[in-house]
$ cat final_37.txt   # compact mmCIF, C-alpha atoms
# COMPACT_ATOMS: atom_id res chain seq x y z
CA MET A 1 23.38 6.26 -12.64
CA LYS A 2 20.94 6.77 -15.50
CA HIS A 3 18.75 9.66 -14.33
CA ILE A 4 18.51 12.15 -11.42
CA ILE A 5 14.87 12.15 -10.36
CA SER A 6 14.67 11.98 -6.57
CA ILE A 7 17.23 12.22 -3.79
CA LYS A 8 15.55 9.13 -2.35
CA ASP A 9 17.03 7.09 -5.21
CA PHE A 10 20.56 7.72 -3.88
CA SER A 11 22.56 5.88 -1.24
CA LYS A 12 24.98 7.69 1.03
CA ASP A 13 27.97 6.51 -1.05
CA GLU A 14 26.36 7.62 -4.31
CA ILE A 15 25.70 11.07 -2.84
CA LEU A 16 29.32 11.36 -1.67
CA ASN A 17 30.55 10.29 -5.10
CA VAL A 18 28.62 13.14 -6.75
CA LEU A 19 29.99 15.64 -4.21
CA ASN A 20 33.58 14.43 -4.76
CA ILE A 21 33.22 14.89 -8.51
CA ALA A 22 31.77 18.37 -7.94
CA ALA A 23 34.84 19.24 -5.83
CA GLU A 24 37.04 18.10 -8.71
CA PHE A 25 35.21 20.48 -11.06
CA GLU A 26 35.93 23.29 -8.64
CA SER A 27 39.66 22.91 -9.22
CA ASN A 28 39.69 21.81 -12.89
CA LYS A 29 37.67 23.50 -15.60
CA HIS A 30 37.41 20.60 -18.11
CA GLU A 31 36.43 23.07 -20.81
CA ASP A 32 35.86 20.54 -23.61
CA LEU A 33 34.49 17.66 -21.58
CA LEU A 34 30.99 17.84 -23.06
CA LYS A 35 31.93 19.24 -26.47
CA ASN A 36 29.36 18.33 -29.14
CA LYS A 37 26.84 17.31 -26.50
CA ILE A 38 23.42 18.97 -26.39
CA LEU A 39 21.40 19.66 -23.28
CA SER A 40 17.68 20.25 -23.67
CA THR A 41 16.08 22.37 -20.95
CA LEU A 42 12.30 21.94 -20.67
CA PHE A 43 11.03 24.49 -18.17
CA TYR A 44 7.27 24.29 -17.79
CA GLU A 45 7.53 26.55 -14.77
CA PRO A 46 9.55 29.73 -14.26
CA SER A 47 13.05 29.44 -12.88
CA THR A 48 16.09 31.65 -12.96
CA ARG A 49 18.82 30.13 -10.80
CA THR A 50 18.25 26.51 -11.69
CA ARG A 51 17.87 27.07 -15.43
CA LEU A 52 20.72 29.54 -15.74
CA SER A 53 23.10 27.44 -13.66
CA PHE A 54 22.35 24.34 -15.78
CA GLU A 55 22.95 26.35 -18.95
CA SER A 56 26.10 27.87 -17.53
CA ALA A 57 27.40 24.45 -16.41
CA MET A 58 26.77 22.91 -19.84
CA LYS A 59 28.37 25.81 -21.72
CA GLN A 60 31.40 25.93 -19.42
CA LEU A 61 32.00 22.27 -20.29
CA GLY A 62 31.87 23.02 -24.03
CA GLY A 63 28.32 21.75 -24.64
CA ASN A 64 25.29 23.37 -26.23
CA VAL A 65 21.81 24.10 -24.90
CA VAL A 66 18.40 24.06 -26.58
CA GLY A 67 15.03 24.33 -24.91
CA PHE A 68 12.23 26.52 -23.68
CA ALA A 69 11.65 28.59 -20.58
CA ASP A 70 8.03 29.30 -21.37
CA PRO A 71 5.76 26.40 -22.36
CA LYS A 72 3.34 28.85 -23.99
CA ALA A 73 5.84 29.14 -26.82
CA SER A 74 6.02 25.37 -27.38
CA SER A 75 3.70 22.64 -28.64
CA VAL A 76 2.77 22.01 -25.01
CA SER A 77 0.33 24.89 -25.42
CA LYS A 78 -1.32 22.87 -28.21
CA GLY A 79 -2.11 20.13 -25.72
CA GLU A 80 0.76 17.75 -26.43
CA SER A 81 1.22 15.09 -23.75
CA LEU A 82 4.42 15.07 -21.72
CA SER A 83 5.32 11.60 -23.04
CA ASP A 84 5.11 12.82 -26.64
CA THR A 85 7.18 15.93 -25.91
CA ILE A 86 9.89 13.78 -24.34
CA ARG A 87 9.91 11.32 -27.26
CA ILE A 88 10.42 14.23 -29.66
CA VAL A 89 13.05 16.01 -27.59
CA GLU A 90 15.15 12.90 -26.99
CA GLY A 91 15.80 12.91 -30.73
CA TYR A 92 17.27 16.41 -30.49
CA ALA A 93 19.43 16.22 -27.39
CA ASP A 94 21.86 14.01 -25.43
CA ILE A 95 20.43 14.87 -22.02
CA ILE A 96 17.21 16.46 -20.77
CA VAL A 97 16.59 18.74 -17.79
CA ILE A 98 12.95 19.18 -16.89
CA ARG A 99 11.08 21.40 -14.47
CA HIS A 100 7.34 20.79 -14.31
CA PHE A 101 4.47 22.00 -12.13
CA VAL A 102 3.04 18.47 -11.84
CA GLU A 103 4.47 16.01 -9.31
CA GLY A 104 5.96 12.89 -10.86
CA ALA A 105 6.48 14.51 -14.29
CA ALA A 106 10.24 13.94 -14.22
CA ARG A 107 9.81 10.27 -13.24
CA LEU A 108 7.51 9.78 -16.22
CA ALA A 109 9.97 11.60 -18.50
CA ALA A 110 12.73 9.23 -17.34
CA GLU A 111 10.56 6.20 -18.05
CA VAL A 112 9.80 7.40 -21.57
CA SER A 113 13.23 8.74 -22.51
CA SER A 114 16.17 6.75 -23.80
CA LYS A 115 18.38 9.74 -22.88
CA PRO A 116 19.29 10.73 -19.30
CA VAL A 117 16.76 12.96 -17.52
CA ILE A 118 17.45 15.36 -14.65
CA ASN A 119 14.61 16.62 -12.47
CA ALA A 120 14.91 20.36 -11.93
CA GLY A 121 11.80 20.41 -9.72
CA ASP A 122 8.46 18.59 -10.05
CA GLY A 123 5.64 20.48 -8.35
CA SER A 124 6.03 20.32 -4.59
CA ASN A 125 7.77 16.93 -4.75
CA GLN A 126 11.51 16.83 -5.47
CA HIS A 127 14.34 19.12 -6.49
CA PRO A 128 17.33 16.81 -6.20
CA THR A 129 19.98 19.05 -7.79
CA GLN A 130 19.17 21.71 -5.16
CA THR A 131 19.71 19.05 -2.49
CA PHE A 132 23.07 18.10 -3.99
CA LEU A 133 24.20 21.71 -4.01
CA ASP A 134 22.98 22.21 -0.44
CA LEU A 135 24.91 19.13 0.67
CA TYR A 136 27.97 20.29 -1.26
CA THR A 137 27.78 23.68 0.46
CA ILE A 138 27.57 22.10 3.91
CA LEU A 139 30.42 19.71 3.13
CA LYS A 140 32.56 22.53 1.80
CA CYS A 141 32.18 24.74 4.86
CA LYS A 142 32.02 22.06 7.57
CA GLY A 143 34.33 19.43 6.10
CA THR A 144 31.79 16.70 6.87
CA LEU A 145 28.11 15.85 6.58
CA GLU A 146 28.16 13.55 9.59
CA ASP A 147 26.49 14.48 12.87
CA ILE A 148 25.91 18.13 12.09
CA ASN A 149 23.34 20.14 14.03
CA ILE A 150 21.07 21.82 11.51
CA GLY A 151 18.08 24.06 12.13
CA PHE A 152 15.40 24.58 9.50
CA VAL A 153 13.39 27.75 9.93
CA GLY A 154 10.36 29.20 8.12
CA ASP A 155 7.92 27.32 5.93
CA LEU A 156 8.63 23.66 6.57
CA LYS A 157 5.25 22.48 5.39
CA TYR A 158 5.39 23.25 1.67
CA GLY A 159 9.12 23.54 1.00
CA ARG A 160 10.30 20.67 -1.21
CA THR A 161 13.88 21.91 -0.69
CA VAL A 162 13.64 21.24 3.03
CA HIS A 163 11.99 17.84 2.66
CA SER A 164 14.63 16.57 0.23
CA LEU A 165 17.54 17.92 2.28
CA VAL A 166 16.12 16.47 5.47
CA HIS A 167 15.90 13.05 3.83
CA ALA A 168 19.49 13.21 2.55
CA LEU A 169 20.94 14.46 5.85
CA SER A 170 19.18 11.73 7.77
CA LEU A 171 21.52 9.30 5.95
CA PHE A 172 24.38 11.16 7.61
CA LYS A 173 22.89 11.06 11.12
CA ALA A 174 22.32 14.82 11.31
CA ASN A 175 20.56 16.23 14.38
CA MET A 176 17.67 18.31 13.15
CA PHE A 177 15.77 21.20 14.67
CA PHE A 178 12.53 22.32 13.04
CA ILE A 179 11.48 25.88 13.80
CA SER A 180 8.21 27.16 12.36
CA PRO A 181 4.77 28.44 13.31
CA GLU A 182 2.52 25.46 13.99
CA SER A 183 0.58 26.06 10.76
CA LEU A 184 3.77 25.70 8.68
CA GLY A 185 5.35 22.77 10.52
CA MET A 186 6.92 19.68 8.98
CA PRO A 187 4.16 17.45 7.56
CA PRO A 188 3.36 14.40 9.74
CA ASN A 189 4.41 11.96 7.00
CA GLN A 190 7.86 13.60 6.86
CA LEU A 191 8.28 13.26 10.62
CA GLU A 192 7.07 9.67 10.41
CA GLU A 193 9.75 8.96 7.82
CA LEU A 194 12.39 10.46 10.11
CA ASP A 195 11.14 8.26 12.95
CA GLU A 196 11.46 5.21 10.71
CA LEU A 197 15.01 6.24 9.78
CA GLY A 198 15.86 6.75 13.47
CA THR A 199 16.77 10.42 12.92
CA SER A 200 17.07 12.68 15.95
CA TYR A 201 14.95 15.83 15.70
CA GLN A 202 13.27 18.47 17.83
CA VAL A 203 10.40 20.82 17.04
CA SER A 204 9.77 24.34 18.35
CA GLU A 205 8.17 27.62 17.37
CA LYS A 206 11.08 29.55 18.85
CA LEU A 207 14.43 29.86 17.13
CA SER A 208 16.07 30.93 20.40
CA SER A 209 15.38 27.46 21.86
CA PHE A 210 18.07 25.85 19.69
CA LEU A 211 20.24 28.64 18.33
CA LYS A 212 23.27 27.99 20.53
CA ASP A 213 23.52 24.37 19.33
CA LEU A 214 23.38 24.97 15.59
CA ASP A 215 26.17 24.44 13.03
CA ILE A 216 23.88 25.35 10.13
CA LEU A 217 20.74 27.47 10.02
CA TYR A 218 18.73 26.77 6.86
CA VAL A 219 16.27 29.61 6.31
CA THR A 220 13.31 29.36 3.93
CA ARG A 221 10.87 31.88 2.55
CA ILE A 222 7.32 31.87 3.82
CA GLN A 223 5.47 31.71 0.52
CA LYS A 224 2.68 34.24 0.21
CA GLU A 225 0.98 32.22 -2.56
CA ARG A 226 0.29 29.39 -0.09
CA PHE A 227 -2.09 31.51 1.99
CA PRO A 228 -5.67 32.00 0.76
CA GLU A 229 -6.17 34.82 3.28
CA ALA A 230 -3.79 37.80 3.30
CA MET A 231 -4.37 38.17 7.03
CA ASP A 232 -3.03 34.68 7.73
CA TYR A 233 0.08 35.46 5.70
CA ASN A 234 0.62 38.78 7.46
CA ARG A 235 0.41 37.03 10.81
CA VAL A 236 3.42 34.81 10.10
CA LYS A 237 5.43 36.56 7.39
CA ASP A 238 7.84 38.38 9.68
CA ILE A 239 7.83 35.86 12.47
CA TYR A 240 11.45 34.89 11.91
CA LYS A 241 13.61 37.79 10.91
CA ILE A 242 17.23 36.73 10.86
CA ASP A 243 19.49 39.67 11.64
CA ARG A 244 22.74 40.46 13.40
CA SER A 245 21.19 39.93 16.83
CA ILE A 246 21.18 36.17 16.34
CA LEU A 247 24.97 36.21 16.23
CA ASN A 248 25.01 37.12 19.92
CA SER A 249 23.58 33.79 20.98
CA SER A 250 24.94 31.42 18.34
CA LYS A 251 28.27 29.66 17.87
CA PRO A 252 30.84 31.68 15.90
CA GLU A 253 30.99 28.73 13.45
CA LEU A 254 27.27 28.96 12.65
CA ARG A 255 26.61 29.24 8.91
CA ILE A 256 23.38 30.53 7.40
CA MET A 257 21.95 29.03 4.21
CA HIS A 258 18.91 29.93 2.10
CA PRO A 259 17.77 28.39 -1.21
CA LEU A 260 16.81 31.93 -2.36
CA PRO A 261 14.95 34.02 -3.38
CA ARG A 262 14.48 35.74 -0.03
CA VAL A 263 11.87 38.38 0.63
CA GLY A 264 12.97 39.85 3.91
CA GLU A 265 13.56 36.85 6.15
CA ILE A 266 17.31 37.57 6.23
CA ASP A 267 18.44 41.12 6.88
CA PRO A 268 20.86 42.24 4.11
CA GLU A 269 23.19 43.54 6.83
CA LEU A 270 24.17 39.89 7.37
CA ASP A 271 25.21 39.43 3.73
CA ASN A 272 28.84 40.34 4.28
CA SER A 273 29.19 38.41 7.51
CA GLU A 274 31.25 35.25 7.74
CA GLN A 275 28.08 33.41 8.72
CA ALA A 276 26.18 34.15 5.49
CA ILE A 277 26.91 31.52 2.85
CA TYR A 278 23.71 31.70 0.78
CA PHE A 279 25.30 33.37 -2.23
CA ASP A 280 28.12 30.80 -2.24
CA GLN A 281 25.40 28.17 -2.01
CA ALA A 282 23.75 29.48 -5.20
CA LYS A 283 27.14 29.64 -6.91
CA ASN A 284 27.87 26.02 -5.96
CA GLY A 285 24.94 25.06 -8.17
CA VAL A 286 27.18 25.32 -11.21
CA VAL A 287 29.91 22.86 -10.14
CA VAL A 288 27.34 20.43 -8.78
CA ARG A 289 25.37 20.54 -12.04
CA LYS A 290 28.60 20.14 -14.02
CA ALA A 291 29.26 16.97 -12.02
CA LEU A 292 25.74 15.63 -12.60
CA LEU A 293 25.71 16.37 -16.34
CA SER A 294 29.14 14.77 -16.78
CA LEU A 295 28.23 11.72 -14.75
CA LEU A 296 25.04 11.05 -16.68
CA LEU A 297 26.78 11.58 -20.01
CA GLY A 298 29.51 9.11 -19.00
CA ALA A 299 32.24 11.75 -19.24
CA VAL A 300 33.66 11.17 -15.74
CA MET B 1 -26.05 -17.70 12.22
CA MET B 2 -25.65 -21.36 13.15
CA GLU B 3 -22.50 -23.34 12.45
CA GLU B 4 -24.60 -25.78 10.38
CA ASP B 5 -25.52 -22.96 8.00
CA THR B 6 -21.88 -22.33 7.26
CA LYS B 7 -21.37 -26.02 6.53
CA GLU B 8 -24.40 -26.02 4.29
CA TYR B 9 -23.19 -23.26 2.04
CA ARG B 10 -19.80 -24.94 1.80
CA VAL B 11 -21.51 -28.18 0.72
CA GLN B 12 -23.23 -26.34 -2.07
CA ALA B 13 -19.98 -26.17 -3.96
CA ILE B 14 -19.75 -24.99 -7.53
CA LYS B 15 -18.52 -27.38 -10.19
CA GLU B 16 -15.94 -25.12 -11.82
CA GLY B 17 -14.76 -21.64 -10.90
CA THR B 18 -13.44 -19.58 -8.04
CA VAL B 19 -14.51 -19.15 -4.44
CA ILE B 20 -13.22 -16.08 -2.67
CA ASP B 21 -13.49 -16.63 1.04
CA HIS B 22 -12.74 -14.56 4.15
CA ILE B 23 -13.61 -11.23 2.62
CA PRO B 24 -14.07 -8.73 5.46
CA LYS B 25 -17.69 -8.32 6.48
CA GLY B 26 -19.55 -5.91 4.22
CA LYS B 27 -16.94 -5.74 1.48
CA ALA B 28 -18.25 -8.44 -0.87
CA LEU B 29 -20.26 -6.07 -3.03
CA LYS B 30 -17.32 -3.72 -3.32
CA ALA B 31 -15.17 -6.73 -4.25
CA CYS B 32 -17.66 -7.59 -7.04
CA GLU B 33 -17.38 -4.03 -8.32
CA VAL B 34 -13.59 -4.06 -8.19
CA LEU B 35 -13.45 -7.41 -9.97
CA ASN B 36 -15.97 -6.18 -12.54
CA LEU B 37 -18.12 -9.25 -11.94
CA ASN B 38 -21.28 -7.67 -13.30
CA LYS B 39 -19.88 -8.42 -16.75
CA GLU B 40 -19.51 -12.15 -16.06
CA ILE B 41 -21.70 -14.64 -17.92
CA GLY B 42 -21.61 -17.40 -15.28
CA SER B 43 -23.58 -17.43 -12.04
CA ILE B 44 -22.27 -15.54 -9.05
CA THR B 45 -23.23 -16.11 -5.44
CA VAL B 46 -22.48 -13.45 -2.87
CA GLY B 47 -22.57 -14.18 0.84
CA ILE B 48 -22.62 -11.34 3.32
CA ASN B 49 -22.10 -11.49 7.06
CA PHE B 50 -21.61 -15.25 7.45
CA LYS B 51 -20.19 -16.69 10.64
CA SER B 52 -16.47 -17.28 10.61
CA LYS B 53 -14.51 -19.13 13.29
CA LYS B 54 -11.42 -17.14 12.48
CA TYR B 55 -12.81 -13.65 11.99
CA GLY B 56 -16.24 -13.69 13.69
CA SER B 57 -18.03 -12.80 10.47
CA LYS B 58 -17.11 -12.68 6.83
CA ASP B 59 -18.32 -12.28 3.26
CA PHE B 60 -17.63 -14.61 0.34
CA ILE B 61 -18.12 -14.75 -3.42
CA LYS B 62 -18.53 -17.81 -5.64
CA ILE B 63 -17.89 -17.28 -9.33
CA GLU B 64 -18.85 -20.12 -11.63
CA ASP B 65 -16.77 -21.04 -14.66
CA LYS B 66 -14.06 -18.48 -14.08
CA GLU B 67 -10.53 -18.62 -12.66
CA LEU B 68 -9.37 -15.30 -11.27
CA SER B 69 -6.31 -13.87 -13.01
CA GLN B 70 -3.27 -12.64 -11.11
CA ILE B 71 -4.23 -9.01 -11.67
CA ASP B 72 -7.70 -9.68 -10.24
CA VAL B 73 -6.18 -11.36 -7.22
CA ASN B 74 -3.94 -8.35 -6.74
CA LYS B 75 -6.94 -6.03 -6.77
CA LEU B 76 -8.49 -8.15 -4.10
CA ALA B 77 -5.38 -8.10 -1.96
CA LEU B 78 -5.88 -4.39 -1.33
CA LEU B 79 -9.58 -4.65 -0.53
CA ALA B 80 -9.45 -7.87 1.45
CA PRO B 81 -5.89 -8.70 2.48
CA GLU B 82 -6.99 -11.76 4.50
CA ALA B 83 -9.08 -13.29 1.73
CA SER B 84 -8.34 -16.74 0.37
CA VAL B 85 -8.93 -17.68 -3.25
CA ASN B 86 -9.97 -21.26 -4.01
CA ILE B 87 -9.93 -22.56 -7.56
CA ILE B 88 -12.55 -25.28 -8.05
CA LYS B 89 -12.45 -28.08 -10.63
CA ASP B 90 -15.07 -30.81 -10.66
CA TYR B 91 -16.41 -29.70 -7.24
CA LYS B 92 -12.98 -29.99 -5.62
CA VAL B 93 -10.61 -27.29 -4.45
CA ILE B 94 -7.58 -27.83 -6.64
CA LYS B 95 -5.71 -24.71 -5.57
CA LYS B 96 -6.05 -22.61 -2.44
CA THR B 97 -4.12 -19.38 -2.18
CA LYS B 98 -4.00 -16.59 0.31
CA VAL B 99 -4.02 -13.30 -1.52
CA ASP B 100 -0.86 -11.36 -1.09
CA ILE B 101 -0.20 -7.71 -1.72
CA PRO B 102 2.44 -7.47 -4.45
CA GLU B 103 5.58 -5.36 -3.98
CA ILE B 104 4.59 -3.25 -6.99
CA ILE B 105 0.94 -2.48 -7.69
CA ILE B 106 0.26 -1.44 -11.26
CA ASN B 107 -2.89 0.41 -12.27
CA ILE B 108 -5.05 -0.75 -9.35
CA VAL B 109 -4.85 2.16 -6.93
CA LYS B 110 -5.76 5.74 -7.82
CA CYS B 111 -3.31 8.39 -6.63
CA PRO B 112 -5.21 10.75 -4.30
CA ASN B 113 -2.86 13.63 -5.12
CA PRO B 114 -4.72 15.73 -7.73
CA ASN B 115 -1.41 17.18 -8.88
CA CYS B 116 0.17 13.77 -9.53
CA ILE B 117 1.15 13.11 -13.15
CA THR B 118 -1.04 9.99 -13.13
CA ASN B 119 -4.05 12.32 -12.83
CA HIS B 120 -2.84 14.51 -15.72
CA GLU B 121 -1.34 12.28 -18.40
CA ASP B 122 -3.92 10.30 -20.38
CA GLY B 123 -3.37 6.56 -20.42
CA LEU B 124 -0.62 6.56 -17.78
CA LYS B 125 -0.94 3.57 -15.45
CA THR B 126 -0.56 4.23 -11.74
CA LYS B 127 2.26 2.46 -9.95
CA PHE B 128 2.47 2.09 -6.20
CA ILE B 129 5.26 0.57 -4.15
CA LEU B 130 4.37 -1.48 -1.08
CA ILE B 131 6.08 0.18 1.90
CA ASN B 132 4.39 -1.71 4.72
CA LYS B 133 1.85 -4.52 4.88
CA GLN B 134 0.50 -4.15 8.39
CA PRO B 135 -0.60 -1.40 8.73
CA LEU B 136 -0.88 -1.03 4.98
CA LYS B 137 1.18 1.80 3.51
CA LEU B 138 1.85 2.45 -0.19
CA GLY B 139 4.01 5.02 -1.97
CA CYS B 140 3.25 6.53 -5.38
CA ASN B 141 6.12 5.83 -7.78
CA TYR B 142 5.55 9.21 -9.45
CA CYS B 143 4.63 11.92 -6.95
CA GLU B 144 6.12 9.98 -3.96
CA ILE B 145 3.09 10.61 -1.75
CA THR B 146 2.49 7.87 0.82
CA ILE B 147 -0.99 6.60 1.57
CA LYS B 148 -2.36 4.49 4.38
CA ASP B 149 -5.10 1.90 4.50
CA GLU B 150 -8.11 4.21 4.79
CA GLU B 151 -6.77 6.59 2.12
CA ILE B 152 -6.45 3.92 -0.56
CA ILE B 153 -8.88 4.39 -3.47
CA LEU B 154 -9.07 1.67 -6.09
CA ARG B 155 -9.21 2.77 -9.74
$ encode --input "final_37.txt" --output "C-alpha cells"
Amino acid sequence: MKHIISIKDFSKDEILNVLNIAAEFESNKHEDLLKNKILSTLFYEPSTRTRLSFESAMKQLGGNVVGFADPKASSVSKGESLSDTIRIVEGYADIIVIRHFVEGAARLAAEVSSKPVINAGDGSNQHPTQTFLDLYTILKCKGTLEDINIGFVGDLKYGRTVHSLVHALSLFKANMFFISPESLGMPPNQLEELDELGTSYQVSEKLSSFLKDLDILYVTRIQKERFPEAMDYNRVKDIYKIDRSILNSSKPELRIMHPLPRVGEIDPELDNSEQAIYFDQAKNGVVVRKALLSLLLGAV
Amino acid sequence: MMEEDTKEYRVQAIKEGTVIDHIPKGKALKACEVLNLNKEIGSITVGINFKSKKYGSKDFIKIEDKELSQIDVNKLALLAPEASVNIIKDYKVIKKTKVDIPEIIINIVKCPNPNCITNHEDGLKTKFILINKQPLKLGCNYCEITIKDEEIILR
C-alpha cells in the first residue's frame, strides 16, 4: 500500500487488514512508533475533525506535524501549481495528508510525490479515511461487516461520505436502504454501480418504511450551501428529524451514525442513548488514522 | 449510391499512406479535425455517406504519404469504434487493423467535470480508464466521474 486515495482502490481483504491494525492501536499505544517522522498536512479547505484527528494520531505515535490549514497563508495564494507544492513539500516530510476542493487533487499529488499521500477529501469525490473509520465503527459495534442492514438518510445526492461507504459496504454484501427526498436521492450512476456489483438496495422517501429492519441508520446533514433558493432548502431541511420516537419502531440493536457536523437532524436528547454512536465514530478517527499512517510509513 | 461507385473509389487507391474505412456516417470531418489533418502536406480525400454492405452507409478518409501513429488510432477508436485502418504501400494494403479502444486513454478525452483537477492544473494530461466497450463507458482516473458514449468530448 503506497497511498490512500480512494476506497475503490481497496479489496475487501485490504480493508479488513486496515481495520484489524486499527483495533490493535486501540489496545496498544505504540507511543514511539513514528518517532522522528514528519507528517505534512496540506488543507486547502477548512476541516476540524479530519485535520485534528490526523495531527493527534501522528503526535500520539511520537511523530511531528507541519503544514497549513489556510492556503491563503501559503505560496498557493501566489498561484503555485499543486504539482509544484507537492514536489516542495515531499522534501520536508515523510508523509503527506491533503484536503483539496478540486476532485482528483489527491490522485495527482500521489502521482507526483515520492512520499506516501493520504486523501483527506477531494471536492465531492472521495474521503477514504472517513470511510475506514465508518467501517471500523460498524465492525466494532456489530462484530461484522457482512450482511448488515443499513439505512442512509438525508442528502444522498451530494454526500461523498455516503457514496464511499456505500461502495465499501457493497463488498460485504450489505443490504442498503436509501431514504431521501427525491431531489436529494442517490445519483443514478451510483445506483448503476450498485446494480453492477449485485448489491441489494431499496429506495424510499419515508424512513418509517424500513426502520424496523435496520441495524445501522447513517444520518447525513442536508447541506444548505447546495441549494440556490432558500425556499427549496427550507422545504426539505427538517424532513427527517431523528428523535426518540424512532426508537419505538426500530430494533433495540439499532445504532445511529453521523459523519458530523449535524445541524438539527438528530435531536440532542438521543445523544446519551445506547443507539447513538456518532461521537464514538468521530473518536474512532484517531485509531484508524494511526493505523493508516503507520501502514504507509512501513511501521506495522 | 450504386455498388459500382463503391468499387470505383476503392480502385482509385493511393500509392502510399493510410485509408480509414467504416467511419460512421457523418463523422469523417470530425475525424479529420480530431486527427489534425488540416496540417498535413499530402493529399487527403474524404468520402461522406458512401454505401456500405456492413453498415448501410459510411464515411472514409484517405491520407496520402502518412501512416497513422498509435495515438492517432486511439483517438479514432473513440470517435469511430468500428473503423478499420489500412496502411498502403505501393498501392497495396500491407496492414489492416480494426481500431480498438485502449484500456487506458491518455490525453484524448476531456473531463466534463469542471471541478476535475485536469481542468485546473496546467499541462496535466487527462487519463481515462475503459470501463465498458459496448455501450462505451469511461472513468476519469482523477475525479472518478464516469461518462457514457454521448457525454464523451475529445480534447
$ interface_residues --input "final_37.txt" --of "chain B" --to "chain A" --cutoff "9 Å" --atoms "only C-alpha atoms" --output "ChimeraX atom specification"
/B:113,115-118,120-122,124,140-146
$ residues_around --input "final_37.txt" --residues "region 275-277 of chain A" --least-positions-apart "4" --cutoff "7 Å" --atoms "all atoms listed in the file" --output "list in words"
Leu254, Arg255, Ile256, Met257, Leu270, Asp271 and Gln281 of chain A
$ closest_residue --input "final_37.txt" --among "A:Lys206, A:Lys283, A:Lys29, A:Lys12" --to "Leu52 (chain A)" --atoms "all atoms listed in the file"
A:Lys283
$ atom_distance --input "final_37.txt" --atom1 "CA of Leu295 (chain A)" --atom2 "CA of Ile15 (chain A)"
12.2 Å
$ closest_atom_pairs --input "final_37.txt" --of "region 145-216 of chain A" --to "region 245-250 of chain A" --cutoff "12 Å" --atoms "all atoms listed in the file" --output "Markdown table"
| residue | atom | partner | partner_atom | distance |
| --- | --- | --- | --- | --- |
| A:Gly151 | CA | A:Ser250 | CA | 11.8 |
| A:Leu207 | CA | A:Ile246 | CA | 9.3 |
| A:Ser208 | CA | A:Ser249 | CA | 8.1 |
| A:Ser209 | CA | A:Ser249 | CA | 10.4 |
| A:Phe210 | CA | A:Ser250 | CA | 8.9 |
| A:Leu211 | CA | A:Ser250 | CA | 5.5 |
| A:Lys212 | CA | A:Ser250 | CA | 4.4 |
| A:Asp213 | CA | A:Ser250 | CA | 7.3 |
| A:Leu214 | CA | A:Ser250 | CA | 7.2 |
| A:Asp215 | CA | A:Ser250 | CA | 8.9 |
| A:Ile216 | CA | A:Ser250 | CA | 10.3 |
$ atom_distance --input "final_37.txt" --atom1 "CA of Thr126 (chain B)" --atom2 "CA of Cys32 (chain B)"
21.3 Å
$ atom_distance --input "final_37.txt" --atom1 "CA of Val109 (chain B)" --atom2 "CA of Thr85 (chain A)"
26.4 Å
$ closest_residue --input "final_37.txt" --among "A:Glu31, A:Asp238, A:Asp267, A:Asp134" --to "Ser56 (chain A)" --atoms "only C-alpha atoms"
A:Glu31
$ residues_around --input "final_37.txt" --residues "Tyr55 (chain B)" --least-positions-apart "2" --cutoff "12 Å" --atoms "all atoms listed in the file" --output "PyMOL selection string"
chain B and resi 21-25+49-53+57-59+82-83
$ residues_around --input "final_37.txt" --residues "Ala299 (chain A)" --least-positions-apart "5" --cutoff "12 Å" --atoms "all atoms listed in the file" --output "list of chain:residue names"
A:Ile21, A:His30, A:Asp32, A:Leu33, A:Leu34, A:Lys35, A:Lys37, A:Leu61, A:Lys290, A:Ala291, A:Leu292, A:Leu293, A:Ser294
$ residues_around --input "final_37.txt" --residues "Ile222 (chain A)" --least-positions-apart "5" --cutoff "7 Å" --atoms "all atoms listed in the file" --output "PDB file with C-alpha atoms, in the frame of the given file"
ATOM      1  CA  GLY A 154      10.360  29.200   8.120  1.00  0.00           C
ATOM      2  CA  ASP A 155       7.920  27.320   5.930  1.00  0.00           C
ATOM      3  CA  LYS A 237       5.430  36.560   7.390  1.00  0.00           C
TER       4      LYS A 237
END
$ residues_around --input "final_37.txt" --residues "region 169-183 of chain A" --least-positions-apart "6" --cutoff "8 Å" --atoms "only C-alpha atoms" --output "list in words"
Lys12, Leu145, Glu146, Asp147, Ile148, Asn149, Ile150, Gly151, Phe152, Val153, Gly154, Asp155, Leu156, Lys157, Leu194, Leu197, Thr199, Ser200, Tyr201, Gln202, Val203, Ser204, Glu205, Lys206, Leu207, Phe210 and Val236 of chain A
$ closest_residue --input "final_37.txt" --among "A:Val112, A:Val97, A:Val117, A:Val287" --to "Tyr44 (chain A)" --atoms "all atoms listed in the file"
A:Val97
$ closest_atom_pairs --input "final_37.txt" --of "region 70-107 of chain B" --to "region 129-137 of chain B" --cutoff "9 Å" --atoms "all atoms listed in the file" --output "JSON lines"
{"residue": "B:Leu78", "atom": "CA", "partner": "B:Leu136", "partner_atom": "CA", "distance": 8.7}
{"residue": "B:Ile101", "atom": "CA", "partner": "B:Lys133", "partner_atom": "CA", "distance": 7.6}
{"residue": "B:Pro102", "atom": "CA", "partner": "B:Leu130", "partner_atom": "CA", "distance": 7.1}
{"residue": "B:Glu103", "atom": "CA", "partner": "B:Leu130", "partner_atom": "CA", "distance": 5.0}
{"residue": "B:Ile104", "atom": "CA", "partner": "B:Ile129", "partner_atom": "CA", "distance": 4.8}
{"residue": "B:Ile105", "atom": "CA", "partner": "B:Ile129", "partner_atom": "CA", "distance": 6.4}
{"residue": "B:Ile106", "atom": "CA", "partner": "B:Ile129", "partner_atom": "CA", "distance": 8.9}
$ build_atoms --input "final_37.txt" --residues "region 19-23 of chain B" --atoms "N, CA and C atoms" --output "JSON list (two decimals), in the coordinates of the input"
[["chain", "number", "residue", "atom", "x", "y", "z"],
["B", 19, "VAL", "N", -13.84, -19.59, -5.66],
["B", 19, "VAL", "CA", -14.51, -19.15, -4.44],
["B", 19, "VAL", "C", -13.56, -18.23, -3.69],
["B", 20, "ILE", "N", -14.04, -17.02, -3.45],
["B", 20, "ILE", "CA", -13.22, -16.08, -2.67],
["B", 20, "ILE", "C", -13.80, -16.06, -1.26],
["B", 21, "ASP", "N", -13.00, -16.50, -0.33],
["B", 21, "ASP", "CA", -13.49, -16.63, 1.04],
["B", 21, "ASP", "C", -12.76, -15.62, 1.95],
["B", 22, "HIS", "N", -13.34, -15.44, 3.14],
["B", 22, "HIS", "CA", -12.74, -14.56, 4.15],
["B", 22, "HIS", "C", -12.57, -13.12, 3.68],
["B", 23, "ILE", "N", -13.57, -12.66, 2.94],
["B", 23, "ILE", "CA", -13.61, -11.23, 2.62],
["B", 23, "ILE", "C", -14.15, -10.53, 3.87]]
